file query-v4.cif (mmCIF, N, CA and C atoms)
data_coords
#
loop_
_atom_site.label_atom_id
_atom_site.label_comp_id
_atom_site.auth_asym_id
_atom_site.auth_seq_id
_atom_site.Cartn_x
_atom_site.Cartn_y
_atom_site.Cartn_z
N MET L 1 50.49 -6.76 -43.66
CA MET L 1 50.03 -5.41 -43.39
C MET L 1 50.28 -5.09 -41.92
N ASN L 2 50.95 -3.99 -41.67
CA ASN L 2 51.20 -3.51 -40.32
C ASN L 2 49.99 -2.68 -39.89
N VAL L 3 49.21 -3.19 -38.93
CA VAL L 3 47.99 -2.51 -38.52
C VAL L 3 48.04 -2.11 -37.05
N LYS L 4 47.27 -1.07 -36.74
CA LYS L 4 47.09 -0.62 -35.36
C LYS L 4 45.62 -0.27 -35.18
N LEU L 5 45.16 -0.42 -33.95
CA LEU L 5 43.79 -0.05 -33.60
C LEU L 5 43.79 1.31 -32.93
N ALA L 6 42.74 2.09 -33.22
CA ALA L 6 42.64 3.43 -32.66
C ALA L 6 41.17 3.80 -32.49
N ILE L 7 40.94 4.85 -31.75
CA ILE L 7 39.61 5.43 -31.59
C ILE L 7 39.59 6.76 -32.34
N ALA L 8 38.58 6.94 -33.18
CA ALA L 8 38.43 8.20 -33.90
C ALA L 8 38.11 9.31 -32.90
N GLU L 9 38.82 10.43 -33.02
CA GLU L 9 38.59 11.56 -32.12
C GLU L 9 37.83 12.68 -32.83
N GLU L 10 38.32 13.10 -33.98
CA GLU L 10 37.68 14.13 -34.80
C GLU L 10 37.76 13.66 -36.24
N CYS L 11 36.67 13.86 -37.01
CA CYS L 11 36.66 13.36 -38.38
C CYS L 11 36.21 14.44 -39.36
N SER L 12 36.71 14.31 -40.59
CA SER L 12 36.34 15.19 -41.69
C SER L 12 36.04 14.30 -42.90
N PRO L 13 35.65 14.87 -44.03
CA PRO L 13 35.41 14.05 -45.21
C PRO L 13 36.66 13.33 -45.73
N ASP L 14 37.85 13.75 -45.31
CA ASP L 14 39.09 13.14 -45.81
C ASP L 14 39.75 12.16 -44.86
N GLY L 15 39.41 12.24 -43.57
CA GLY L 15 40.06 11.36 -42.59
C GLY L 15 39.72 11.76 -41.18
N CYS L 16 40.49 11.25 -40.23
CA CYS L 16 40.23 11.50 -38.81
C CYS L 16 41.53 11.72 -38.05
N GLN L 17 41.41 12.46 -36.97
CA GLN L 17 42.44 12.43 -35.95
C GLN L 17 42.06 11.24 -35.08
N VAL L 18 43.00 10.36 -34.79
CA VAL L 18 42.72 9.15 -34.03
C VAL L 18 43.67 9.03 -32.85
N LYS L 19 43.24 8.27 -31.85
CA LYS L 19 44.08 8.01 -30.68
C LYS L 19 44.40 6.52 -30.67
N LEU L 20 45.69 6.19 -30.73
CA LEU L 20 46.12 4.80 -30.77
C LEU L 20 45.88 4.10 -29.44
N PHE L 21 45.37 2.86 -29.50
CA PHE L 21 45.22 2.06 -28.28
C PHE L 21 46.58 1.70 -27.71
N SER L 22 47.56 1.47 -28.58
CA SER L 22 48.87 0.97 -28.14
C SER L 22 49.59 1.91 -27.19
N ASP L 23 49.55 3.22 -27.46
CA ASP L 23 50.32 4.14 -26.62
C ASP L 23 49.60 5.45 -26.30
N GLY L 24 48.34 5.60 -26.76
CA GLY L 24 47.58 6.81 -26.48
C GLY L 24 47.96 8.01 -27.33
N HIS L 25 48.90 7.82 -28.25
CA HIS L 25 49.36 8.89 -29.14
C HIS L 25 48.25 9.24 -30.14
N SER L 26 48.05 10.53 -30.41
CA SER L 26 47.08 10.97 -31.43
C SER L 26 47.82 11.26 -32.72
N LEU L 27 47.20 10.89 -33.83
CA LEU L 27 47.77 11.17 -35.14
C LEU L 27 46.65 11.33 -36.16
N ASN L 28 47.00 11.86 -37.31
CA ASN L 28 46.04 12.03 -38.39
C ASN L 28 46.11 10.84 -39.33
N ALA L 29 44.95 10.39 -39.79
CA ALA L 29 44.86 9.27 -40.72
C ALA L 29 43.85 9.62 -41.80
N VAL L 30 44.12 9.17 -43.01
CA VAL L 30 43.22 9.40 -44.14
C VAL L 30 42.38 8.14 -44.36
N TYR L 31 41.26 8.31 -45.07
CA TYR L 31 40.42 7.16 -45.39
C TYR L 31 41.00 6.37 -46.55
N LEU L 32 40.83 5.07 -46.50
CA LEU L 32 41.12 4.21 -47.62
C LEU L 32 40.30 4.73 -48.80
N THR L 33 40.86 4.75 -49.99
CA THR L 33 40.20 5.36 -51.15
C THR L 33 38.77 4.87 -51.33
N ARG L 34 38.54 3.56 -51.21
CA ARG L 34 37.19 3.05 -51.46
C ARG L 34 36.19 3.43 -50.36
N MET L 35 36.68 3.95 -49.23
CA MET L 35 35.80 4.39 -48.15
C MET L 35 35.29 5.81 -48.36
N LYS L 36 36.09 6.65 -49.05
CA LYS L 36 35.75 8.06 -49.21
C LYS L 36 34.38 8.22 -49.86
N GLY L 37 33.52 8.99 -49.19
CA GLY L 37 32.20 9.27 -49.71
C GLY L 37 31.21 8.13 -49.54
N ARG L 38 31.66 6.99 -49.00
CA ARG L 38 30.78 5.83 -48.84
C ARG L 38 30.60 5.43 -47.38
N VAL L 39 31.65 5.55 -46.60
CA VAL L 39 31.62 5.11 -45.21
C VAL L 39 31.88 6.32 -44.32
N SER L 40 30.98 6.53 -43.37
CA SER L 40 31.16 7.63 -42.42
C SER L 40 31.81 7.10 -41.15
N VAL L 41 32.84 7.77 -40.72
CA VAL L 41 33.48 7.46 -39.45
C VAL L 41 33.15 8.59 -38.50
N HIS L 42 32.73 8.23 -37.29
CA HIS L 42 32.34 9.22 -36.30
C HIS L 42 33.25 9.13 -35.08
N PRO L 43 33.43 10.23 -34.37
CA PRO L 43 34.22 10.19 -33.14
C PRO L 43 33.72 9.09 -32.21
N GLY L 44 34.67 8.39 -31.62
CA GLY L 44 34.34 7.30 -30.70
C GLY L 44 34.35 5.92 -31.33
N GLN L 45 34.33 5.86 -32.67
CA GLN L 45 34.34 4.56 -33.32
C GLN L 45 35.75 3.97 -33.32
N LEU L 46 35.80 2.65 -33.27
CA LEU L 46 37.06 1.91 -33.37
C LEU L 46 37.44 1.82 -34.84
N VAL L 47 38.71 2.09 -35.15
CA VAL L 47 39.18 2.01 -36.53
C VAL L 47 40.45 1.17 -36.60
N LEU L 48 40.65 0.56 -37.76
CA LEU L 48 41.86 -0.19 -38.06
C LEU L 48 42.71 0.66 -38.99
N LEU L 49 43.95 0.90 -38.60
CA LEU L 49 44.86 1.72 -39.39
C LEU L 49 45.86 0.84 -40.11
N ASN L 50 46.08 1.12 -41.38
CA ASN L 50 47.17 0.51 -42.14
C ASN L 50 48.36 1.44 -41.96
N MET L 51 49.38 0.96 -41.28
CA MET L 51 50.55 1.79 -40.99
C MET L 51 51.63 1.65 -42.07
N ASP L 52 51.37 0.84 -43.09
CA ASP L 52 52.35 0.63 -44.17
C ASP L 52 52.30 1.74 -45.22
N THR L 53 51.35 2.64 -45.14
CA THR L 53 51.24 3.72 -46.11
C THR L 53 51.97 4.96 -45.60
N ALA L 54 52.27 5.90 -46.50
CA ALA L 54 53.02 7.11 -46.12
C ALA L 54 52.30 7.86 -45.00
N VAL L 55 50.99 7.98 -45.12
CA VAL L 55 50.15 8.55 -44.07
C VAL L 55 49.26 7.40 -43.59
N PRO L 56 49.15 7.18 -42.29
CA PRO L 56 48.29 6.08 -41.82
C PRO L 56 46.91 6.16 -42.48
N GLU L 57 46.40 4.99 -42.82
CA GLU L 57 45.16 4.91 -43.60
C GLU L 57 44.10 4.14 -42.81
N ILE L 58 42.93 4.74 -42.65
CA ILE L 58 41.81 4.06 -42.00
C ILE L 58 41.26 3.05 -43.01
N SER L 59 41.38 1.76 -42.67
CA SER L 59 41.00 0.70 -43.58
C SER L 59 39.70 0.02 -43.17
N TRP L 60 39.27 0.20 -41.92
CA TRP L 60 38.05 -0.45 -41.43
C TRP L 60 37.56 0.33 -40.24
N ARG L 61 36.24 0.28 -39.99
CA ARG L 61 35.71 0.91 -38.79
C ARG L 61 34.59 0.06 -38.22
N TRP L 62 34.47 0.14 -36.89
CA TRP L 62 33.43 -0.59 -36.17
C TRP L 62 32.49 0.42 -35.53
N HIS L 63 31.21 0.06 -35.46
CA HIS L 63 30.21 0.90 -34.80
C HIS L 63 30.36 0.76 -33.28
N ARG L 64 30.01 1.82 -32.59
CA ARG L 64 30.08 1.86 -31.12
C ARG L 64 28.65 1.88 -30.59
N LEU L 65 28.28 0.86 -29.82
CA LEU L 65 26.93 0.73 -29.28
C LEU L 65 26.97 0.43 -27.79
N LYS L 66 25.89 0.71 -27.10
CA LYS L 66 25.78 0.46 -25.65
C LYS L 66 24.93 -0.79 -25.41
N VAL L 67 25.36 -1.60 -24.44
CA VAL L 67 24.61 -2.77 -24.02
C VAL L 67 23.42 -2.29 -23.18
N VAL L 68 22.22 -2.70 -23.59
CA VAL L 68 21.01 -2.37 -22.84
C VAL L 68 20.64 -3.53 -21.93
N GLU L 69 20.65 -4.74 -22.52
CA GLU L 69 20.22 -5.92 -21.78
C GLU L 69 20.88 -7.16 -22.37
N VAL L 70 21.34 -8.04 -21.48
CA VAL L 70 21.89 -9.32 -21.91
C VAL L 70 20.74 -10.31 -21.88
N GLN L 71 20.51 -10.97 -23.02
CA GLN L 71 19.40 -11.91 -23.17
C GLN L 71 19.95 -13.28 -23.58
N PRO L 72 19.17 -14.33 -23.39
CA PRO L 72 19.62 -15.64 -23.89
C PRO L 72 19.83 -15.59 -25.41
N GLY L 73 21.02 -15.96 -25.85
CA GLY L 73 21.30 -16.00 -27.28
C GLY L 73 21.67 -14.67 -27.91
N GLY L 74 21.75 -13.61 -27.12
CA GLY L 74 22.10 -12.32 -27.72
C GLY L 74 22.11 -11.20 -26.70
N VAL L 75 22.34 -10.01 -27.21
CA VAL L 75 22.42 -8.82 -26.37
C VAL L 75 21.62 -7.72 -27.06
N LEU L 76 20.79 -7.03 -26.31
CA LEU L 76 20.06 -5.88 -26.84
C LEU L 76 20.97 -4.67 -26.74
N LEU L 77 21.17 -3.98 -27.87
CA LEU L 77 22.09 -2.86 -27.95
C LEU L 77 21.37 -1.58 -28.36
N ASP L 78 21.83 -0.46 -27.81
CA ASP L 78 21.30 0.86 -28.17
C ASP L 78 22.21 1.49 -29.21
N ASP L 79 21.63 1.83 -30.35
CA ASP L 79 22.37 2.47 -31.44
C ASP L 79 22.15 3.97 -31.37
N ARG L 80 22.94 4.63 -30.51
CA ARG L 80 22.94 6.09 -30.34
C ARG L 80 21.56 6.68 -30.06
N GLY L 81 20.69 5.92 -29.42
CA GLY L 81 19.36 6.40 -29.10
C GLY L 81 18.40 6.40 -30.28
N LEU L 82 18.87 5.98 -31.45
CA LEU L 82 18.04 5.97 -32.65
C LEU L 82 17.19 4.71 -32.78
N ARG L 83 17.74 3.59 -32.31
CA ARG L 83 17.04 2.31 -32.39
C ARG L 83 17.78 1.29 -31.53
N GLN L 84 17.14 0.16 -31.36
CA GLN L 84 17.79 -0.94 -30.66
C GLN L 84 17.99 -2.09 -31.63
N VAL L 85 19.13 -2.75 -31.50
CA VAL L 85 19.46 -3.89 -32.36
C VAL L 85 19.91 -5.05 -31.47
N THR L 86 19.85 -6.25 -32.04
CA THR L 86 20.30 -7.43 -31.33
C THR L 86 21.71 -7.77 -31.77
N GLY L 87 22.59 -8.00 -30.82
CA GLY L 87 23.97 -8.36 -31.12
C GLY L 87 24.29 -9.74 -30.60
N THR L 88 25.17 -10.42 -31.32
CA THR L 88 25.70 -11.70 -30.85
C THR L 88 27.23 -11.58 -30.85
N VAL L 89 27.85 -12.18 -29.86
CA VAL L 89 29.31 -12.14 -29.76
C VAL L 89 29.89 -13.02 -30.86
N ALA L 90 30.89 -12.51 -31.57
CA ALA L 90 31.55 -13.25 -32.65
C ALA L 90 32.08 -14.58 -32.12
N LEU L 91 31.92 -15.60 -32.94
CA LEU L 91 32.41 -16.93 -32.61
C LEU L 91 33.90 -16.87 -32.33
N GLY L 92 34.33 -17.44 -31.22
CA GLY L 92 35.75 -17.43 -30.85
C GLY L 92 36.10 -16.40 -29.80
N LEU L 93 35.18 -15.47 -29.51
CA LEU L 93 35.41 -14.46 -28.48
C LEU L 93 34.69 -14.85 -27.20
N THR L 94 35.28 -14.49 -26.07
CA THR L 94 34.64 -14.66 -24.77
C THR L 94 34.61 -13.29 -24.13
N LEU L 95 33.42 -12.71 -24.06
CA LEU L 95 33.27 -11.37 -23.48
C LEU L 95 32.18 -11.42 -22.41
N ASP L 96 32.44 -10.85 -21.25
CA ASP L 96 31.47 -10.78 -20.16
C ASP L 96 30.74 -9.45 -20.30
N LEU L 97 29.60 -9.48 -20.98
CA LEU L 97 28.87 -8.24 -21.26
C LEU L 97 27.86 -7.93 -20.16
N GLN L 98 27.77 -6.64 -19.83
CA GLN L 98 26.86 -6.15 -18.81
C GLN L 98 26.17 -4.89 -19.32
N PRO L 99 24.92 -4.62 -18.86
CA PRO L 99 24.24 -3.39 -19.26
C PRO L 99 25.10 -2.16 -18.96
N GLY L 100 25.09 -1.20 -19.89
CA GLY L 100 25.84 0.04 -19.75
C GLY L 100 27.21 0.00 -20.39
N GLN L 101 27.70 -1.18 -20.73
CA GLN L 101 29.02 -1.28 -21.36
C GLN L 101 28.96 -0.85 -22.83
N THR L 102 30.11 -0.49 -23.36
CA THR L 102 30.24 -0.11 -24.76
C THR L 102 30.88 -1.25 -25.52
N VAL L 103 30.26 -1.60 -26.66
CA VAL L 103 30.80 -2.65 -27.52
C VAL L 103 31.04 -2.09 -28.92
N PHE L 104 31.90 -2.78 -29.67
CA PHE L 104 32.15 -2.43 -31.07
C PHE L 104 31.59 -3.54 -31.93
N THR L 105 30.81 -3.15 -32.93
CA THR L 105 30.15 -4.13 -33.79
C THR L 105 30.54 -3.91 -35.24
N ASN L 106 30.24 -4.92 -36.05
CA ASN L 106 30.56 -4.85 -37.47
C ASN L 106 29.51 -4.09 -38.25
N GLY L 107 28.58 -3.45 -37.60
CA GLY L 107 27.48 -2.78 -38.29
C GLY L 107 26.23 -3.58 -38.02
N ASN L 108 25.21 -3.38 -38.82
CA ASN L 108 24.02 -4.20 -38.61
C ASN L 108 23.27 -4.41 -39.91
N GLN L 109 22.62 -5.52 -39.96
CA GLN L 109 21.78 -5.86 -41.09
C GLN L 109 20.49 -6.43 -40.53
N ASP L 110 19.38 -5.90 -40.96
CA ASP L 110 18.06 -6.38 -40.51
C ASP L 110 17.93 -6.38 -38.99
N GLY L 111 18.49 -5.36 -38.34
CA GLY L 111 18.35 -5.22 -36.91
C GLY L 111 19.23 -6.11 -36.06
N SER L 112 20.25 -6.72 -36.67
CA SER L 112 21.17 -7.54 -35.87
C SER L 112 22.60 -7.25 -36.29
N CYS L 113 23.54 -7.55 -35.39
CA CYS L 113 24.94 -7.29 -35.66
C CYS L 113 25.80 -8.29 -34.90
N GLU L 114 27.07 -8.30 -35.24
CA GLU L 114 28.03 -9.17 -34.56
C GLU L 114 28.94 -8.30 -33.71
N ILE L 115 29.10 -8.67 -32.44
CA ILE L 115 29.95 -7.92 -31.51
C ILE L 115 31.39 -8.41 -31.66
N HIS L 116 32.29 -7.46 -31.93
CA HIS L 116 33.69 -7.80 -32.15
C HIS L 116 34.59 -7.38 -31.00
N GLY L 117 34.13 -6.49 -30.13
CA GLY L 117 34.99 -6.02 -29.06
C GLY L 117 34.21 -5.32 -27.97
N LEU L 118 34.84 -5.21 -26.81
CA LEU L 118 34.28 -4.56 -25.64
C LEU L 118 35.26 -3.50 -25.16
N LEU L 119 34.75 -2.29 -24.92
CA LEU L 119 35.58 -1.20 -24.42
C LEU L 119 35.47 -1.17 -22.90
N LEU L 120 36.61 -1.27 -22.22
CA LEU L 120 36.66 -1.14 -20.76
C LEU L 120 37.58 0.02 -20.44
N GLY L 121 37.00 1.08 -19.88
CA GLY L 121 37.78 2.31 -19.65
C GLY L 121 38.17 2.88 -21.00
N ASP L 122 39.46 3.02 -21.23
CA ASP L 122 39.91 3.52 -22.52
C ASP L 122 40.71 2.47 -23.29
N GLN L 123 40.48 1.19 -22.95
CA GLN L 123 41.18 0.09 -23.62
C GLN L 123 40.19 -0.96 -24.13
N LEU L 124 40.63 -1.71 -25.08
CA LEU L 124 39.86 -2.83 -25.61
C LEU L 124 40.03 -4.02 -24.67
N ALA L 125 38.92 -4.58 -24.19
CA ALA L 125 38.99 -5.76 -23.34
C ALA L 125 39.41 -6.96 -24.20
N GLN L 126 40.15 -7.86 -23.63
CA GLN L 126 40.59 -9.07 -24.32
C GLN L 126 41.28 -8.76 -25.66
N PRO L 127 42.28 -7.87 -25.67
CA PRO L 127 42.91 -7.50 -26.94
C PRO L 127 43.54 -8.68 -27.67
N GLU L 128 44.04 -9.67 -26.91
CA GLU L 128 44.65 -10.83 -27.57
C GLU L 128 43.60 -11.64 -28.33
N GLN L 129 42.39 -11.75 -27.78
CA GLN L 129 41.31 -12.43 -28.51
C GLN L 129 40.96 -11.67 -29.78
N PHE L 130 40.87 -10.35 -29.67
CA PHE L 130 40.56 -9.52 -30.83
C PHE L 130 41.61 -9.74 -31.92
N GLU L 131 42.87 -9.72 -31.53
CA GLU L 131 43.96 -9.89 -32.50
C GLU L 131 43.97 -11.28 -33.13
N GLN L 132 43.60 -12.30 -32.37
CA GLN L 132 43.62 -13.67 -32.88
C GLN L 132 42.37 -14.04 -33.67
N VAL L 133 41.22 -13.50 -33.29
CA VAL L 133 39.95 -13.90 -33.90
C VAL L 133 39.45 -12.90 -34.94
N ILE L 134 39.40 -11.64 -34.58
CA ILE L 134 38.78 -10.63 -35.45
C ILE L 134 39.74 -10.09 -36.51
N LEU L 135 40.95 -9.71 -36.11
CA LEU L 135 41.88 -9.11 -37.08
C LEU L 135 42.14 -10.00 -38.30
N PRO L 136 42.37 -11.31 -38.15
CA PRO L 136 42.58 -12.12 -39.35
C PRO L 136 41.37 -12.11 -40.30
N ARG L 137 40.18 -12.09 -39.74
CA ARG L 137 38.96 -12.03 -40.58
C ARG L 137 38.92 -10.73 -41.37
N ILE L 138 39.20 -9.62 -40.69
CA ILE L 138 39.15 -8.31 -41.36
C ILE L 138 40.27 -8.19 -42.39
N GLN L 139 41.47 -8.66 -42.04
CA GLN L 139 42.58 -8.60 -43.00
C GLN L 139 42.30 -9.46 -44.23
N ALA L 140 41.63 -10.59 -44.06
CA ALA L 140 41.28 -11.43 -45.21
C ALA L 140 40.27 -10.71 -46.12
N ILE L 141 39.32 -10.04 -45.51
CA ILE L 141 38.33 -9.26 -46.30
C ILE L 141 39.04 -8.17 -47.06
N LEU L 142 39.92 -7.43 -46.39
CA LEU L 142 40.64 -6.35 -47.04
C LEU L 142 41.53 -6.87 -48.17
N ALA L 143 42.20 -8.01 -47.97
CA ALA L 143 43.06 -8.59 -49.00
C ALA L 143 42.26 -9.02 -50.21
N SER L 144 41.05 -9.49 -50.00
CA SER L 144 40.21 -9.94 -51.13
C SER L 144 39.68 -8.76 -51.94
N MET L 145 39.69 -7.57 -51.36
CA MET L 145 39.19 -6.37 -52.04
C MET L 145 40.28 -5.67 -52.85
N THR L 146 41.52 -6.05 -52.65
CA THR L 146 42.62 -5.35 -53.30
C THR L 146 42.74 -5.74 -54.75
#

call {"tool": "encode", "arguments": {"input": "query-v4.cif", "output": "structure tokens"}}
result
Amino acid sequence: MNVKLAIAEECSPDGCQVKLFSDGHSLNAVYLTRMKGRVSVHPGQLVLLNMDTAVPEISWRWHRLKVVEVQPGGVLLDDRGLRQVTGTVALGLTLDLQPGQTVFTNGNQDGSCEIHGLLLGDQLAQPEQFEQVILPRIQAILASMT
């Protein structure tokens, strides 16, 4: 699968306009069929695009949260001012997290989540780690759903 990472800019029930990390180009992408009506993508979220389809397809999305406090064994994160959750950095990643930074998580269950990436400026920090550690996990999940 030929994939690219992007940030959602504007979204509708059918898809989003996204900005590619690779070159900053904006394009329109549709939701993967099983996501329609089930998964909400919001502006600012990190998305994985399948570029092998006629129209790029959003196949995965990560939540965007702010680091509030770095604690032993985890990080306290602000979920859009609605609540705070505890995040742990995914095994295999090395991220230097500081209060005020933006991270991308896999969502949350029971008030906790796994941190998959760090946004620095308008780029993903440690993109090679993300590609080596996180992308294979997500692609394996997507392959098992097909």

call {"tool": "closest_atom_pairs", "arguments": {"input": "query-v4.cif", "of": "segment 6-105 of chain L", "to": "segment 117-137 of chain L", "cutoff": "5 Å", "atoms": "all atoms listed in the file", "output": "CSV"}}
result
residue,atom,partner,partner_atom,distance
L:Thr102,C,L:Leu119,N,4.1
L:Val103,CA,L:Gly117,C,4.4
L:Phe104,N,L:Gly117,C,3.8

call {"tool": "resolve_selection", "arguments": {"input": "query-v4.cif", "expression": "the PyMOL selection byres ((chain L and resi 105) around 7)", "output": "MDAnalysis selection string"}}
result
chainID L and resid 61:65 103:104 106:108 113:117

call {"tool": "atom_distance", "arguments": {"input": "query-v4.cif", "atom1": "atom N of Asp96 of chain L", "atom2": "atom C of Ser22 of chain L"}}
result
22.2 Å

call {"tool": "closest_residue", "arguments": {"input": "query-v4.cif", "among": "L:Gln101, L:Gln17, L:Ser112, L:Gln71", "to": "Gly87 of chain L", "atoms": "only N, CA and C atoms"}}
result
L:Ser112

call {"tool": "residues_around", "arguments": {"input": "query-v4.cif", "residues": "Gly44 of chain L", "least_positions_apart": "2", "cutoff": "8 Å", "atoms": "all atoms listed in the file", "output": "VMD selection string"}}
result
chain L and resid 6 to 11 41 to 42 46 to 47 62 to 64

call {"tool": "select_by_dssp", "arguments": {"input": "query-v4.cif", "residues": "segment 7-137 of chain L", "states": "strand (DSSP E)", "output": "PyMOL selection string"}}
result
chain L and resi 7-11+15-20+26-31+46-50+57-71+74-79+83-89+102-105+112-120+123-124

call {"tool": "residues_around", "arguments": {"input": "query-v4.cif", "residues": "Val67 of chain L", "least_positions_apart": "3", "cutoff": "7 Å", "atoms": "only N, CA and C atoms", "output": "list of chain:residue names"}}
result
L:Val70, L:Val75, L:Leu76, L:Leu77, L:Asp78, L:Gln98, L:Pro99, L:Gly100, L:Gln101, L:Thr102, L:Val103

call {"tool": "atom_distance", "arguments": {"input": "query-v4.cif", "atom1": "atom N of Asp79 of chain L", "atom2": "atom C of Glu57 of chain L"}}
result
25.8 Å

call {"tool": "closest_residue", "arguments": {"input": "query-v4.cif", "among": "L:Val3, L:Arg80, L:Ala140, L:Thr94", "to": "Gln45 of chain L", "atoms": "only C-alpha atoms"}}
result
L:Arg80

call {"tool": "resolve_selection", "arguments": {"input": "query-v4.cif", "expression": "the PyMOL selection byres ((chain L and resi 28) around 6)", "output": "PyMOL selection string"}}
result
chain L and resi 16-18+26-27+29-30+56

call {"tool": "atom_distance", "arguments": {"input": "query-v4.cif", "atom1": "atom CA of Trp60 of chain L", "atom2": "atom CA of Gly73 of chain L"}}
result
26.9 Å

call {"tool": "closest_residue", "arguments": {"input": "query-v4.cif", "among": "L:Gly37, L:Gly111, L:Gln84, L:Gly15", "to": "Ile58 of chain L", "atoms": "only N, CA and C atoms"}}
result
L:Gly15

call {"tool": "select_by_dssp", "arguments": {"input": "query-v4.cif", "residues": "chain L", "states": "helix (DSSP H, G or I)", "output": "ChimeraX atom specification"}}
result
/L:33-35,127-145

call {"tool": "write_last_selection", "arguments": {"input": "query-v4.cif", "atoms": "N, CA and C atoms", "output": "CSV table (one decimal), in the coordinates of the input"}}
result
chain,number,residue,atom,x,y,z
L,33,THR,N,40.9,4.8,-50.0
L,33,THR,CA,40.2,5.4,-51.2
L,33,THR,C,38.8,4.9,-51.3
L,34,ARG,N,38.5,3.6,-51.2
L,34,ARG,CA,37.2,3.0,-51.5
L,34,ARG,C,36.2,3.4,-50.4
L,35,MET,N,36.7,4.0,-49.2
L,35,MET,CA,35.8,4.4,-48.2
L,35,MET,C,35.3,5.8,-48.4
L,127,PRO,N,42.3,-7.9,-25.7
L,127,PRO,CA,42.9,-7.5,-26.9
L,127,PRO,C,43.5,-8.7,-27.7
L,128,GLU,N,44.0,-9.7,-26.9
L,128,GLU,CA,44.6,-10.8,-27.6
L,128,GLU,C,43.6,-11.6,-28.3
L,129,GLN,N,42.4,-11.8,-27.8
L,129,GLN,CA,41.3,-12.4,-28.5
L,129,GLN,C,41.0,-11.7,-29.8
L,130,PHE,N,40.9,-10.4,-29.7
L,130,PHE,CA,40.6,-9.5,-30.8
L,130,PHE,C,41.6,-9.7,-31.9
L,131,GLU,N,42.9,-9.7,-31.5
L,131,GLU,CA,44.0,-9.9,-32.5
L,131,GLU,C,44.0,-11.3,-33.1
L,132,GLN,N,43.6,-12.3,-32.4
L,132,GLN,CA,43.6,-13.7,-32.9
L,132,GLN,C,42.4,-14.0,-33.7
L,133,VAL,N,41.2,-13.5,-33.3
L,133,VAL,CA,40.0,-13.9,-33.9
L,133,VAL,C,39.4,-12.9,-34.9
L,134,ILE,N,39.4,-11.6,-34.6
L,134,ILE,CA,38.8,-10.6,-35.4
L,134,ILE,C,39.7,-10.1,-36.5
L,135,LEU,N,41.0,-9.7,-36.1
L,135,LEU,CA,41.9,-9.1,-37.1
L,135,LEU,C,42.1,-10.0,-38.3
L,136,PRO,N,42.4,-11.3,-38.2
L,136,PRO,CA,42.6,-12.1,-39.4
L,136,PRO,C,41.4,-12.1,-40.3
L,137,ARG,N,40.2,-12.1,-39.7
L,137,ARG,CA,39.0,-12.0,-40.6
L,137,ARG,C,38.9,-10.7,-41.4
L,138,ILE,N,39.2,-9.6,-40.7
L,138,ILE,CA,39.2,-8.3,-41.4
L,138,ILE,C,40.3,-8.2,-42.4
L,139,GLN,N,41.5,-8.7,-42.0
L,139,GLN,CA,42.6,-8.6,-43.0
L,139,GLN,C,42.3,-9.5,-44.2
L,140,ALA,N,41.6,-10.6,-44.1
L,140,ALA,CA,41.3,-11.4,-45.2
L,140,ALA,C,40.3,-10.7,-46.1
L,141,ILE,N,39.3,-10.0,-45.5
L,141,ILE,CA,38.3,-9.3,-46.3
L,141,ILE,C,39.0,-8.2,-47.1
L,142,LEU,N,39.9,-7.4,-46.4
L,142,LEU,CA,40.6,-6.4,-47.0
L,142,LEU,C,41.5,-6.9,-48.2
L,143,ALA,N,42.2,-8.0,-48.0
L,143,ALA,CA,43.1,-8.6,-49.0
L,143,ALA,C,42.3,-9.0,-50.2
L,144,SER,N,41.0,-9.5,-50.0
L,144,SER,CA,40.2,-9.9,-51.1
L,144,SER,C,39.7,-8.8,-51.9
L,145,MET,N,39.7,-7.6,-51.4
L,145,MET,CA,39.2,-6.4,-52.0
L,145,MET,C,40.3,-5.7,-52.8

call {"tool": "axis_aligned_box", "arguments": {"input": "query-v4.cif", "around": "segment 119-138 of chain L", "padding_each_side": "3 Å", "output": "lines of an AutoDock Vina configuration file"}}
result
center_x = 39.7
center_y = -5.3
center_z = -31.0
size_x = 15.9
size_y = 23.6
size_z = 28.7

call {"tool": "residues_around", "arguments": {"input": "query-v4.cif", "residues": "Leu5 of chain L", "least_positions_apart": "5", "cutoff": "6.5 Å", "atoms": "only N, CA and C atoms", "output": "number ranges by chain"}}
result
L: 19-22, 47-49

call {"tool": "build_atoms", "arguments": {"input": "query-v4.cif", "residues": "segment 100-105 of chain L", "atoms": "N, CA, C and O atoms", "output": "short mmCIF file (atom, residue, chain, number, x, y, z; two decimals), keeping the file's coordinate frame"}}
result
data_model
loop_
_atom_site.label_atom_id
_atom_site.label_comp_id
_atom_site.auth_asym_id
_atom_site.auth_seq_id
_atom_site.Cartn_x
_atom_site.Cartn_y
_atom_site.Cartn_z
N GLY L 100 25.09 -1.20 -19.89
CA GLY L 100 25.84 0.04 -19.75
C GLY L 100 27.21 0.00 -20.39
O GLY L 100 27.82 1.05 -20.58
N GLN L 101 27.70 -1.18 -20.73
CA GLN L 101 29.02 -1.28 -21.36
C GLN L 101 28.96 -0.85 -22.83
O GLN L 101 27.91 -0.88 -23.45
N THR L 102 30.11 -0.49 -23.36
CA THR L 102 30.24 -0.11 -24.76
C THR L 102 30.88 -1.25 -25.52
O THR L 102 31.91 -1.79 -25.11
N VAL L 103 30.26 -1.60 -26.66
CA VAL L 103 30.80 -2.65 -27.52
C VAL L 103 31.04 -2.09 -28.92
O VAL L 103 30.46 -1.06 -29.30
N PHE L 104 31.90 -2.78 -29.67
CA PHE L 104 32.15 -2.43 -31.07
C PHE L 104 31.59 -3.54 -31.93
O PHE L 104 31.85 -4.72 -31.69
N THR L 105 30.81 -3.15 -32.93
CA THR L 105 30.15 -4.13 -33.79
C THR L 105 30.54 -3.91 -35.24
O THR L 105 31.04 -2.86 -35.61
#
